[in-house]
$ cat target-v9.cif   # mmCIF, C-alpha atoms
data_protein
loop_
_atom_site.label_atom_id
_atom_site.label_comp_id
_atom_site.auth_asym_id
_atom_site.auth_seq_id
_atom_site.Cartn_x
_atom_site.Cartn_y
_atom_site.Cartn_z
CA MET R 18 117.07 106.13 96.42
CA LYS R 19 116.34 107.54 99.87
CA ARG R 20 118.51 109.67 102.12
CA ASN R 21 118.28 109.57 105.94
CA LEU R 22 117.82 113.19 107.00
CA GLY R 23 117.83 112.42 110.72
CA PRO R 24 114.77 113.08 112.91
CA VAL R 25 113.18 115.78 110.73
CA ASN R 26 109.53 116.75 111.09
CA ALA R 27 108.21 116.41 107.53
CA LEU R 28 104.49 116.89 108.20
CA TYR R 29 104.01 119.69 105.69
CA PRO R 30 102.16 121.55 104.38
CA SER R 31 100.10 122.28 107.47
CA LEU R 32 97.08 124.52 107.88
CA THR R 33 97.85 128.05 109.07
CA THR R 34 95.63 129.21 111.93
CA ILE R 35 95.50 132.18 114.27
CA ILE R 36 95.15 131.29 117.95
CA GLY R 37 93.37 133.91 120.03
CA ALA R 38 93.26 134.34 123.79
CA VAL R 39 92.74 137.06 126.35
CA VAL R 40 96.04 137.89 128.05
CA GLU R 41 96.30 140.52 130.76
CA GLY R 42 92.86 141.84 129.92
CA ARG R 43 93.20 142.21 126.17
CA ALA R 44 92.87 140.06 123.07
CA ASN R 45 96.09 138.55 121.79
CA PHE R 46 96.74 136.55 118.63
CA SER R 47 99.47 134.24 117.45
CA THR R 48 99.99 132.36 114.20
CA VAL R 49 100.13 128.60 114.70
CA ALA R 50 100.42 126.12 111.83
CA HIS R 51 100.39 122.91 113.83
CA VAL R 52 96.92 122.46 115.26
CA GLY R 53 96.11 118.78 115.45
CA ILE R 54 92.89 116.80 115.30
CA MET R 55 92.65 114.47 118.32
CA ASN R 56 89.60 112.41 117.43
CA HIS R 57 86.48 112.29 115.30
CA GLY R 58 83.26 112.56 117.28
CA GLN R 59 81.65 114.54 120.06
CA PRO R 60 83.15 116.03 122.11
CA GLN R 61 85.47 117.09 119.31
CA TYR R 62 89.01 117.84 120.48
CA LEU R 63 91.89 119.69 118.84
CA SER R 64 95.39 120.35 120.13
CA PHE R 65 98.43 122.52 119.66
CA GLY R 66 101.75 122.85 121.40
CA ILE R 67 103.42 126.13 122.18
CA ASN R 68 106.63 126.95 123.93
CA LYS R 69 106.13 127.40 127.68
CA SER R 70 107.46 130.95 127.47
CA HIS R 71 104.77 131.94 124.97
CA HIS R 72 102.62 134.95 125.84
CA THR R 73 99.40 133.41 124.48
CA GLY R 74 99.75 130.37 126.74
CA GLN R 75 99.41 132.52 129.86
CA GLY R 76 95.96 133.70 128.82
CA ILE R 77 94.79 130.21 127.91
CA LEU R 78 95.89 128.84 131.27
CA GLU R 79 94.22 131.73 133.10
CA HIS R 80 90.82 131.67 131.36
CA ARG R 81 90.82 128.09 130.02
CA GLU R 82 89.37 129.35 126.73
CA PHE R 83 90.84 130.18 123.32
CA SER R 84 89.92 130.60 119.68
CA VAL R 85 91.28 129.02 116.49
CA CYS R 86 90.57 131.10 113.37
CA ILE R 87 91.41 130.12 109.80
CA PRO R 88 92.56 133.05 107.66
CA GLY R 89 92.18 133.09 103.88
CA GLU R 90 94.79 134.23 101.39
CA GLY R 91 93.50 137.81 101.58
CA LEU R 92 94.61 138.05 105.21
CA VAL R 93 98.18 136.82 104.65
CA VAL R 94 99.91 140.07 105.71
CA GLU R 95 98.04 140.32 109.03
CA THR R 96 98.43 136.56 109.65
CA ASP R 97 102.17 136.74 109.13
CA TYR R 98 102.42 139.89 111.24
CA VAL R 99 100.83 138.37 114.36
CA GLY R 100 103.36 135.54 114.07
CA LEU R 101 106.28 137.98 113.82
CA VAL R 102 105.72 140.02 116.98
CA SER R 103 105.09 138.95 120.58
CA GLY R 104 102.12 140.09 122.64
CA ARG R 105 104.60 140.66 125.45
CA ASN R 106 105.71 143.94 123.89
CA THR R 107 103.09 144.60 121.20
CA ASP R 108 99.36 145.22 121.53
CA LYS R 109 97.79 143.01 118.86
CA SER R 110 94.20 143.51 120.07
CA ARG R 111 93.38 145.99 117.30
CA VAL R 112 94.97 144.25 114.29
CA PHE R 113 91.65 142.58 113.45
CA GLU R 114 87.98 143.46 113.73
CA LEU R 115 86.58 141.04 116.33
CA PHE R 116 83.26 139.46 117.20
CA GLN R 117 81.95 137.64 120.24
CA GLY R 118 80.73 134.06 120.26
CA GLN R 119 79.59 132.00 123.22
CA LEU R 120 82.78 132.18 125.28
CA ALA R 121 83.97 135.36 126.98
CA HIS R 122 87.71 134.74 126.44
CA ALA R 123 87.89 133.39 122.89
CA PRO R 124 88.31 136.46 120.65
CA LEU R 125 87.04 135.75 117.12
CA ILE R 126 88.29 137.44 113.95
CA THR R 127 85.58 138.81 111.65
CA GLY R 128 87.87 138.72 108.61
CA CYS R 129 88.58 134.98 108.96
CA PRO R 130 86.07 132.87 107.02
CA VAL R 131 86.09 130.16 109.72
CA CYS R 132 86.49 130.59 113.50
CA MET R 133 86.31 128.00 116.27
CA GLU R 134 85.77 128.67 119.99
CA CYS R 135 87.41 126.20 122.34
CA ARG R 136 87.35 125.35 126.00
CA LEU R 137 90.62 124.04 127.44
CA ALA R 138 90.14 120.35 128.27
CA ARG R 139 93.64 119.20 129.18
CA VAL R 140 97.28 120.29 129.17
CA VAL R 141 99.96 117.75 128.30
CA ASP R 142 103.33 118.70 129.68
CA PHE R 143 106.39 118.33 127.41
CA GLU R 144 109.99 119.38 128.02
CA THR R 145 109.79 122.80 126.39
CA HIS R 146 106.17 122.93 125.31
CA ASP R 147 102.68 122.86 126.76
CA VAL R 148 100.29 120.96 124.53
CA PHE R 149 96.83 122.46 124.95
CA ILE R 150 93.89 120.20 124.17
CA GLY R 151 90.66 122.04 123.59
CA GLU R 152 87.08 120.99 123.11
CA ILE R 153 85.42 122.79 120.21
CA VAL R 154 82.37 124.62 121.56
CA ALA R 155 81.19 126.36 118.39
CA THR R 156 82.36 126.91 114.83
CA HIS R 157 81.40 130.07 113.00
CA ALA R 158 81.69 130.20 109.21
CA GLU R 159 81.04 132.95 106.71
CA GLU R 160 77.86 132.25 104.70
CA THR R 161 79.82 132.86 101.49
CA VAL R 162 82.13 129.85 102.11
CA LEU R 163 79.35 127.34 102.78
CA TYR R 164 77.93 124.73 100.43
CA ALA R 165 74.11 124.59 100.24
CA ASP R 166 74.15 121.81 102.89
CA GLY R 167 76.00 124.03 105.39
CA LYS R 168 79.39 122.35 105.05
CA ILE R 169 82.52 124.40 104.55
CA ASP R 170 83.84 124.75 100.98
CA ILE R 171 87.63 124.97 101.37
CA THR R 172 88.04 126.25 97.82
CA ARG R 173 86.23 129.40 98.95
CA VAL R 174 88.08 129.60 102.30
CA ARG R 175 91.36 129.74 100.34
CA PRO R 176 93.46 128.58 103.35
CA LEU R 177 97.14 129.36 103.79
CA LEU R 178 99.22 126.18 103.85
CA PHE R 179 102.51 126.53 105.69
CA ASP R 180 105.74 124.77 104.80
CA MET R 181 108.76 124.91 107.11
CA ALA R 182 111.38 123.90 104.48
CA SER R 183 110.53 126.59 101.91
CA VAL R 184 109.39 129.02 104.66
CA LYS R 185 106.38 129.94 102.55
CA TYR R 186 102.61 129.99 102.59
CA TRP R 187 101.11 127.92 99.79
CA SER R 188 97.63 127.80 98.32
CA LEU R 189 95.23 124.90 97.82
CA GLY R 190 95.38 123.34 94.35
CA PRO R 191 92.82 121.38 92.32
CA GLU R 192 91.18 118.19 93.58
CA VAL R 193 92.96 114.89 92.95
CA ALA R 194 90.36 112.20 93.66
CA PRO R 195 87.37 111.29 95.84
CA CYS R 196 88.27 109.83 99.25
CA TRP R 197 86.92 106.43 100.47
CA ASN R 198 86.21 105.83 96.81
CA VAL R 199 89.22 105.93 94.45
CA GLY R 200 90.69 102.91 96.26
CA LYS R 201 87.62 100.75 95.60
CA SER R 202 89.03 99.49 92.29
CA LEU R 203 92.04 98.06 94.15
CA LYS R 204 89.77 96.60 96.83
CA ALA R 205 87.75 94.81 94.14
CA ALA R 206 90.90 93.59 92.36
CA ARG R 207 92.45 92.24 95.58
CA SER R 208 89.19 90.59 96.65
CA ASN R 209 89.35 88.68 93.38
CA GLY R 210 92.83 87.47 94.23
CA GLY R 211 94.49 90.26 92.22
CA MET V 112 77.64 137.31 108.01
CA LYS V 113 78.62 134.19 109.96
CA ARG V 114 76.60 131.10 110.75
CA ASN V 115 77.15 129.01 113.91
CA LEU V 116 77.60 125.44 112.68
CA GLY V 117 77.93 123.93 116.16
CA PRO V 118 81.14 122.23 117.32
CA VAL V 119 82.47 121.31 113.86
CA ASN V 120 86.10 120.41 113.30
CA ALA V 121 87.14 122.75 110.48
CA LEU V 122 90.89 122.07 110.45
CA TYR V 123 91.09 121.22 106.75
CA PRO V 124 92.77 120.49 104.47
CA SER V 125 95.07 118.19 106.40
CA LEU V 126 98.05 116.18 105.22
CA THR V 127 97.28 112.60 104.24
CA THR V 128 99.71 110.07 105.74
CA ILE V 129 99.95 106.30 105.94
CA ILE V 130 100.62 104.93 109.43
CA GLY V 131 102.50 101.64 109.48
CA ALA V 132 102.91 99.15 112.30
CA VAL V 133 103.57 95.48 112.80
CA VAL V 134 100.41 93.73 113.98
CA GLU V 135 100.30 90.02 114.71
CA GLY V 136 103.63 89.54 112.99
CA ARG V 137 102.97 91.34 109.75
CA ALA V 138 103.11 94.88 108.42
CA ASN V 139 99.81 96.76 108.50
CA PHE V 140 98.97 100.20 107.11
CA SER V 141 96.20 102.69 107.69
CA THR V 142 95.47 106.07 106.14
CA VAL V 143 95.47 108.87 108.72
CA ALA V 144 95.00 112.54 107.81
CA HIS V 145 95.29 114.04 111.28
CA VAL V 146 98.88 113.67 112.41
CA GLY V 147 99.79 116.62 114.59
CA ILE V 148 103.05 118.40 115.34
CA MET V 149 103.58 118.60 119.11
CA ASN V 150 106.61 120.87 119.30
CA HIS V 151 109.54 122.27 117.37
CA GLY V 152 112.89 121.00 118.58
CA GLN V 153 114.68 117.84 119.58
CA PRO V 154 113.32 115.39 120.54
CA GLN V 155 110.75 116.05 117.83
CA TYR V 156 107.29 114.68 118.67
CA LEU V 157 104.25 114.03 116.49
CA SER V 158 100.85 112.67 117.47
CA PHE V 159 97.73 111.09 116.10
CA GLY V 160 94.55 109.73 117.62
CA ILE V 161 92.87 106.54 116.51
CA ASN V 162 89.79 104.79 117.75
CA LYS V 163 90.60 102.30 120.52
CA SER V 164 89.15 99.47 118.43
CA HIS V 165 91.60 100.17 115.59
CA HIS V 166 93.74 97.26 114.42
CA THR V 167 96.87 99.38 113.90
CA GLY V 168 96.79 100.58 117.51
CA GLN V 169 97.34 97.04 118.82
CA GLY V 170 100.64 96.76 117.01
CA ILE V 171 101.83 100.16 118.15
CA LEU V 172 101.05 99.34 121.77
CA GLU V 173 102.80 95.98 121.48
CA HIS V 174 106.03 97.10 119.80
CA ARG V 175 106.03 100.81 120.75
CA GLU V 176 107.17 101.67 117.23
CA PHE V 177 105.40 102.89 114.09
CA SER V 178 105.99 104.66 110.79
CA VAL V 179 104.43 107.73 109.19
CA CYS V 180 104.81 107.82 105.41
CA ILE V 181 103.72 110.64 103.12
CA PRO V 182 102.32 109.44 99.80
CA GLY V 183 102.38 111.55 96.66
CA GLU V 184 99.53 111.98 94.18
CA GLY V 185 100.75 108.96 92.19
CA LEU V 186 99.94 106.68 95.13
CA VAL V 187 96.36 107.91 95.65
CA VAL V 188 94.65 104.60 94.81
CA GLU V 189 96.78 102.54 97.23
CA THR V 190 96.53 105.26 99.90
CA ASP V 191 92.76 105.32 99.68
CA TYR V 192 92.60 101.54 99.64
CA VAL V 193 94.48 101.02 102.93
CA GLY V 194 92.01 103.47 104.50
CA LEU V 195 89.02 101.53 103.16
CA VAL V 196 89.79 98.06 104.53
CA SER V 197 90.73 96.90 108.04
CA GLY V 198 93.83 94.86 108.81
CA ARG V 199 91.58 92.72 111.00
CA ASN V 200 90.26 90.89 107.94
CA THR V 201 92.63 91.96 105.15
CA ASP V 202 96.36 91.35 104.76
CA LYS V 203 97.77 94.73 103.70
CA SER V 204 101.42 93.72 104.12
CA ARG V 205 101.94 93.29 100.36
CA VAL V 206 100.16 96.39 99.03
CA PHE V 207 103.44 98.33 99.02
CA GLU V 208 107.10 97.55 98.45
CA LEU V 209 108.77 98.07 101.84
CA PHE V 210 112.20 98.96 103.17
CA GLN V 211 113.80 98.76 106.57
CA GLY V 212 115.11 101.71 108.54
CA GLN V 213 116.54 101.76 112.05
CA LEU V 214 113.54 100.34 113.87
CA ALA V 215 112.40 96.73 113.57
CA HIS V 216 108.66 97.45 113.77
CA ALA V 217 108.21 100.58 111.67
CA PRO V 218 107.53 99.33 108.12
CA LEU V 219 108.53 101.95 105.53
CA ILE V 220 106.97 102.34 102.08
CA THR V 221 109.44 102.59 99.18
CA GLY V 222 106.90 104.35 96.95
CA CYS V 223 106.33 107.20 99.42
CA PRO V 224 108.71 110.12 98.84
CA VAL V 225 109.00 110.79 102.59
CA CYS V 226 108.90 108.26 105.47
CA MET V 227 109.38 108.82 109.20
CA GLU V 228 110.23 106.17 111.80
CA CYS V 229 108.83 106.81 115.26
CA ARG V 230 109.23 105.42 118.76
CA LEU V 231 106.11 105.61 120.93
CA ALA V 232 106.74 108.15 123.70
CA ARG V 233 103.38 108.49 125.37
CA VAL V 234 99.72 107.52 125.04
CA VAL V 235 97.04 110.04 126.00
CA ASP V 236 93.77 108.38 126.88
CA PHE V 237 90.55 109.89 125.46
CA GLU V 238 86.98 108.59 125.70
CA THR V 239 86.96 106.74 122.38
CA HIS V 240 90.48 107.33 121.12
CA ASP V 241 94.07 106.65 122.06
CA VAL V 242 96.32 109.53 121.13
CA PHE V 243 99.76 108.16 120.32
CA ILE V 244 102.68 110.54 120.74
CA GLY V 245 105.80 109.42 118.94
CA GLU V 246 109.36 110.66 118.85
CA ILE V 247 110.72 110.87 115.31
CA VAL V 248 113.83 108.68 115.13
CA ALA V 249 114.69 109.09 111.45
CA THR V 250 113.22 110.65 108.32
CA HIS V 251 113.95 109.11 104.92
CA ALA V 252 113.34 111.17 101.79
CA GLU V 253 113.70 110.35 98.12
CA GLU V 254 116.73 112.14 96.64
CA THR V 255 114.49 113.43 93.81
CA VAL V 256 112.32 115.49 96.23
CA LEU V 257 115.22 117.23 97.98
CA TYR V 258 116.51 120.75 97.43
CA ALA V 259 120.28 121.07 97.05
CA ASP V 260 120.54 121.86 100.81
CA GLY V 261 118.86 118.56 101.73
CA LYS V 262 115.50 120.04 102.69
CA ILE V 263 112.27 118.55 101.36
CA ASP V 264 110.67 120.27 98.36
CA ILE V 265 106.92 119.77 98.88
CA THR V 266 106.16 120.73 95.27
CA ARG V 267 108.00 117.55 94.25
CA VAL V 268 106.43 115.42 97.02
CA ARG V 269 102.98 116.35 95.62
CA PRO V 270 101.19 115.53 98.89
CA LEU V 271 97.53 114.55 99.12
CA LEU V 272 95.55 117.06 101.15
CA PHE V 273 92.41 115.65 102.73
CA ASP V 274 89.17 117.52 103.27
CA MET V 275 86.34 116.00 105.32
CA ALA V 276 83.55 118.25 103.97
CA SER V 277 84.10 117.54 100.28
CA VAL V 278 85.40 114.01 101.04
CA LYS V 279 88.21 114.55 98.53
CA TYR V 280 91.97 114.57 98.25
CA TRP V 281 93.28 117.91 97.01
CA SER V 282 96.64 118.94 95.59
CA LEU V 283 99.06 121.65 96.63
CA GLY V 284 98.66 124.92 94.71
CA PRO V 285 101.10 127.74 93.94
CA GLU V 286 102.92 129.69 96.64
CA VAL V 287 101.19 132.71 98.17
CA ALA V 288 103.89 134.58 100.07
CA PRO V 289 107.07 134.17 102.12
CA CYS V 290 106.51 133.40 105.80
CA TRP V 291 108.02 135.54 108.63
CA ASN V 292 108.45 138.14 105.92
CA VAL V 293 105.25 139.32 104.19
CA GLY V 294 104.02 140.74 107.53
CA LYS V 295 107.08 142.96 107.98
CA SER V 296 105.42 145.85 106.11
CA LEU V 297 102.61 145.91 108.68
CA LYS V 298 105.14 145.64 111.51
CA ALA V 299 106.99 148.68 110.18
CA ALA V 300 103.74 150.62 109.66
CA ARG V 301 102.50 149.87 113.19
CA SER V 302 105.88 150.67 114.74
CA ASN V 303 105.52 154.12 113.19
CA GLY V 304 102.15 154.56 114.84
CA GLY V 305 100.26 153.43 111.74
#

$ encode --input "target-v9.cif" --output "structure tokens"
Amino acid sequence: MKRNLGPVNALYPSLTTIIGAVVEGRANFSTVAHVGIMNHGQPQYLSFGINKSHHTGQGILEHREFSVCIPGEGLVVETDYVGLVSGRNTDKSRVFELFQGQLAHAPLITGCPVCMECRLARVVDFETHDVFIGEIVATHAEETVLYADGKIDITRVRPLLFDMASVKYWSLGPEVAPCWNVGKSLKAARSNGG
Amino acid sequence: MKRNLGPVNALYPSLTTIIGAVVEGRANFSTVAHVGIMNHGQPQYLSFGINKSHHTGQGILEHREFSVCIPGEGLVVETDYVGLVSGRNTDKSRVFELFQGQLAHAPLITGCPVCMECRLARVVDFETHDVFIGEIVATHAEETVLYADGKIDITRVRPLLFDMASVKYWSLGPEVAPCWNVGKSLKAARSNGG
């Protein structure tokens, strides 16, 4: 039996990221758990919406560059902290050790196992939010979280999965099944008129 | 030590959903694991991009309505199956038991613990993809996955988390920490000049 909850966003859990930008000359960071994937291909685009009053947005609009870093469970205190305080009245530039990639205004966090540098491609205007669409320029991953073929092993990233209803960060659990594979039995059965 | 992987989309794991639409008069479903959250507020918008050649997109453009259902682990075979075959040459209208919500062209899946009905609000044109932005009209959740206060308990939804690198569905693990809370210790320490 289902209950109609009204227009509730139920897209959880979502991946917790830290968005970085240079605002008023210094690195600023904000926790964002709703970064979307726009397409699959090259150029590869991602997106996220933030309230128009948000401090980080100013820096992104000014320099048209930003970073998206993925913290592991070990960085949960710092990740939560940069989501608790605003860059408007707090200097967050020294919370993390940083490194430089290809872009001048996309501050990257050494302690995050995966970091992406993005160039702003488009801004979609909503009532209260700006949705920033960025093109991924480079992705930097810690050697220790890579499979032998250079792909990222999420079990070693240990991402923080955010849920709005429980207001908690959750961990990744065990695998369930192979994708584009476990459904083949049903495909075969239905092809045979099953 | 970090390695530059090039412009790799590393936003995983992501929530696996089933997008539903009415195409050429019948319900069609497609597995999509990159539905984004555009804002927080009302109206509440979500988005997803699909290749312009995609069968589901035709129905969404025609009726300007679609559904986003969240399958649990028990539905992994059917979920994978509707991502394996195209509605262009396969009738997927009878894979799931369906129910009707408020919209006429947003087919909802009874077996999914959470289902959202959406009205198309905007289409953002990309090179190869259309990004559909929908306003959530109603969210239907199984009584058995709700907390006493009516919020959704994701541990009972048992969502399928998709990862592109391992090409697997993963489960939700245990909680890590409370959000907007675990960072307070660092806030206090830094306020005191720490």

$ residues_around --input "target-v9.cif" --residues "range 291-297 of chain V" --least-positions-apart "2" --cutoff "8 Å" --atoms "only C-alpha atoms" --output "NGL selection string"
(:R and (93-101 or 184)) or (:V and (288-289 or 299-301))

$ interface_residues --input "target-v9.cif" --of "chain V" --to "chain R" --cutoff "7 Å" --atoms "all atoms listed in the file" --output "NGL selection string"
:V and (112-120 or 123-126 or 145-150 or 155 or 159-161 or 188-189 or 191-192 or 195 or 240 or 242 or 247-254 or 262-263 or 276 or 278-291 or 293-295 or 297-298)

$ write_last_selection --input "target-v9.cif" --atoms "C-alpha atoms" --output "mmCIF file, keeping the file's coordinate frame"
data_model
loop_
_atom_site.group_PDB
_atom_site.id
_atom_site.type_symbol
_atom_site.label_atom_id
_atom_site.label_comp_id
_atom_site.auth_asym_id
_atom_site.auth_seq_id
_atom_site.Cartn_x
_atom_site.Cartn_y
_atom_site.Cartn_z
ATOM 1 C CA MET V 112 77.640 137.310 108.010
ATOM 2 C CA LYS V 113 78.620 134.190 109.960
ATOM 3 C CA ARG V 114 76.600 131.100 110.750
ATOM 4 C CA ASN V 115 77.150 129.010 113.910
ATOM 5 C CA LEU V 116 77.600 125.440 112.680
ATOM 6 C CA GLY V 117 77.930 123.930 116.160
ATOM 7 C CA PRO V 118 81.140 122.230 117.320
ATOM 8 C CA VAL V 119 82.470 121.310 113.860
ATOM 9 C CA ASN V 120 86.100 120.410 113.300
ATOM 10 C CA TYR V 123 91.090 121.220 106.750
ATOM 11 C CA PRO V 124 92.770 120.490 104.470
ATOM 12 C CA SER V 125 95.070 118.190 106.400
ATOM 13 C CA LEU V 126 98.050 116.180 105.220
ATOM 14 C CA HIS V 145 95.290 114.040 111.280
ATOM 15 C CA VAL V 146 98.880 113.670 112.410
ATOM 16 C CA GLY V 147 99.790 116.620 114.590
ATOM 17 C CA ILE V 148 103.050 118.400 115.340
ATOM 18 C CA MET V 149 103.580 118.600 119.110
ATOM 19 C CA ASN V 150 106.610 120.870 119.300
ATOM 20 C CA GLN V 155 110.750 116.050 117.830
ATOM 21 C CA PHE V 159 97.730 111.090 116.100
ATOM 22 C CA GLY V 160 94.550 109.730 117.620
ATOM 23 C CA ILE V 161 92.870 106.540 116.510
ATOM 24 C CA VAL V 188 94.650 104.600 94.810
ATOM 25 C CA GLU V 189 96.780 102.540 97.230
ATOM 26 C CA ASP V 191 92.760 105.320 99.680
ATOM 27 C CA TYR V 192 92.600 101.540 99.640
ATOM 28 C CA LEU V 195 89.020 101.530 103.160
ATOM 29 C CA HIS V 240 90.480 107.330 121.120
ATOM 30 C CA VAL V 242 96.320 109.530 121.130
ATOM 31 C CA ILE V 247 110.720 110.870 115.310
ATOM 32 C CA VAL V 248 113.830 108.680 115.130
ATOM 33 C CA ALA V 249 114.690 109.090 111.450
ATOM 34 C CA THR V 250 113.220 110.650 108.320
ATOM 35 C CA HIS V 251 113.950 109.110 104.920
ATOM 36 C CA ALA V 252 113.340 111.170 101.790
ATOM 37 C CA GLU V 253 113.700 110.350 98.120
ATOM 38 C CA GLU V 254 116.730 112.140 96.640
ATOM 39 C CA LYS V 262 115.500 120.040 102.690
ATOM 40 C CA ILE V 263 112.270 118.550 101.360
ATOM 41 C CA ALA V 276 83.550 118.250 103.970
ATOM 42 C CA VAL V 278 85.400 114.010 101.040
ATOM 43 C CA LYS V 279 88.210 114.550 98.530
ATOM 44 C CA TYR V 280 91.970 114.570 98.250
ATOM 45 C CA TRP V 281 93.280 117.910 97.010
ATOM 46 C CA SER V 282 96.640 118.940 95.590
ATOM 47 C CA LEU V 283 99.060 121.650 96.630
ATOM 48 C CA GLY V 284 98.660 124.920 94.710
ATOM 49 C CA PRO V 285 101.100 127.740 93.940
ATOM 50 C CA GLU V 286 102.920 129.690 96.640
ATOM 51 C CA VAL V 287 101.190 132.710 98.170
ATOM 52 C CA ALA V 288 103.890 134.580 100.070
ATOM 53 C CA PRO V 289 107.070 134.170 102.120
ATOM 54 C CA CYS V 290 106.510 133.400 105.800
ATOM 55 C CA TRP V 291 108.020 135.540 108.630
ATOM 56 C CA VAL V 293 105.250 139.320 104.190
ATOM 57 C CA GLY V 294 104.020 140.740 107.530
ATOM 58 C CA LYS V 295 107.080 142.960 107.980
ATOM 59 C CA LEU V 297 102.610 145.910 108.680
ATOM 60 C CA LYS V 298 105.140 145.640 111.510
#

$ atom_distance --input "target-v9.cif" --atom1 "CA of Asn209 in chain R" --atom2 "CA of His166 in chain V"
23.1 Å

$ atom_distance --input "target-v9.cif" --atom1 "CA of Ala121 in chain R" --atom2 "CA of Glu41 in chain R"
13.9 Å

$ resolve_selection --input "target-v9.cif" --expression "the PyMOL selection byres ((chain R and resi 73-80) around 7)" --output "short mmCIF file (atom, residue, chain, number, x, y, z; two decimals) with C-alpha atoms, in the frame of the given file"
data_model
loop_
_atom_site.label_atom_id
_atom_site.label_comp_id
_atom_site.auth_asym_id
_atom_site.auth_seq_id
_atom_site.Cartn_x
_atom_site.Cartn_y
_atom_site.Cartn_z
CA ALA R 38 93.26 134.34 123.79
CA VAL R 39 92.74 137.06 126.35
CA VAL R 40 96.04 137.89 128.05
CA ASN R 45 96.09 138.55 121.79
CA HIS R 71 104.77 131.94 124.97
CA HIS R 72 102.62 134.95 125.84
CA ARG R 81 90.82 128.09 130.02
CA GLU R 82 89.37 129.35 126.73
CA PHE R 83 90.84 130.18 123.32
CA HIS R 122 87.71 134.74 126.44
#

$ atom_distance --input "target-v9.cif" --atom1 "CA of Ser110 in chain R" --atom2 "CA of Ser84 in chain R"
13.6 Å

$ residues_around --input "target-v9.cif" --residues "Gly222 in chain V" --least-positions-apart "2" --cutoff "9 Å" --atoms "all atoms listed in the file" --output "PyMOL selection string"
chain V and resi 182-183+186+207-209+220+224-225

$ write_last_selection --input "target-v9.cif" --atoms "C-alpha atoms" --output "tab-separated table (two decimals), in the coordinates of the input"
chain	number	residue	atom	x	y	z
V	182	PRO	CA	102.32	109.44	99.80
V	183	GLY	CA	102.38	111.55	96.66
V	186	LEU	CA	99.94	106.68	95.13
V	207	PHE	CA	103.44	98.33	99.02
V	208	GLU	CA	107.10	97.55	98.45
V	209	LEU	CA	108.77	98.07	101.84
V	220	ILE	CA	106.97	102.34	102.08
V	224	PRO	CA	108.71	110.12	98.84
V	225	VAL	CA	109.00	110.79	102.59

$ closest_residue --input "target-v9.cif" --among "V:Ala138, V:Ile129, V:Leu219, V:Val143" --to "Gly198 in chain V" --atoms "only C-alpha atoms"
V:Ala138

$ axis_aligned_box --input "target-v9.cif" --around "range 107-114 of chain R" --padding-each-side "6 Å" --output "JSON"
{"center_x": 95.5, "center_y": 144.3, "center_z": 117.5, "size_x": 27.1, "size_y": 15.4, "size_z": 20.1}
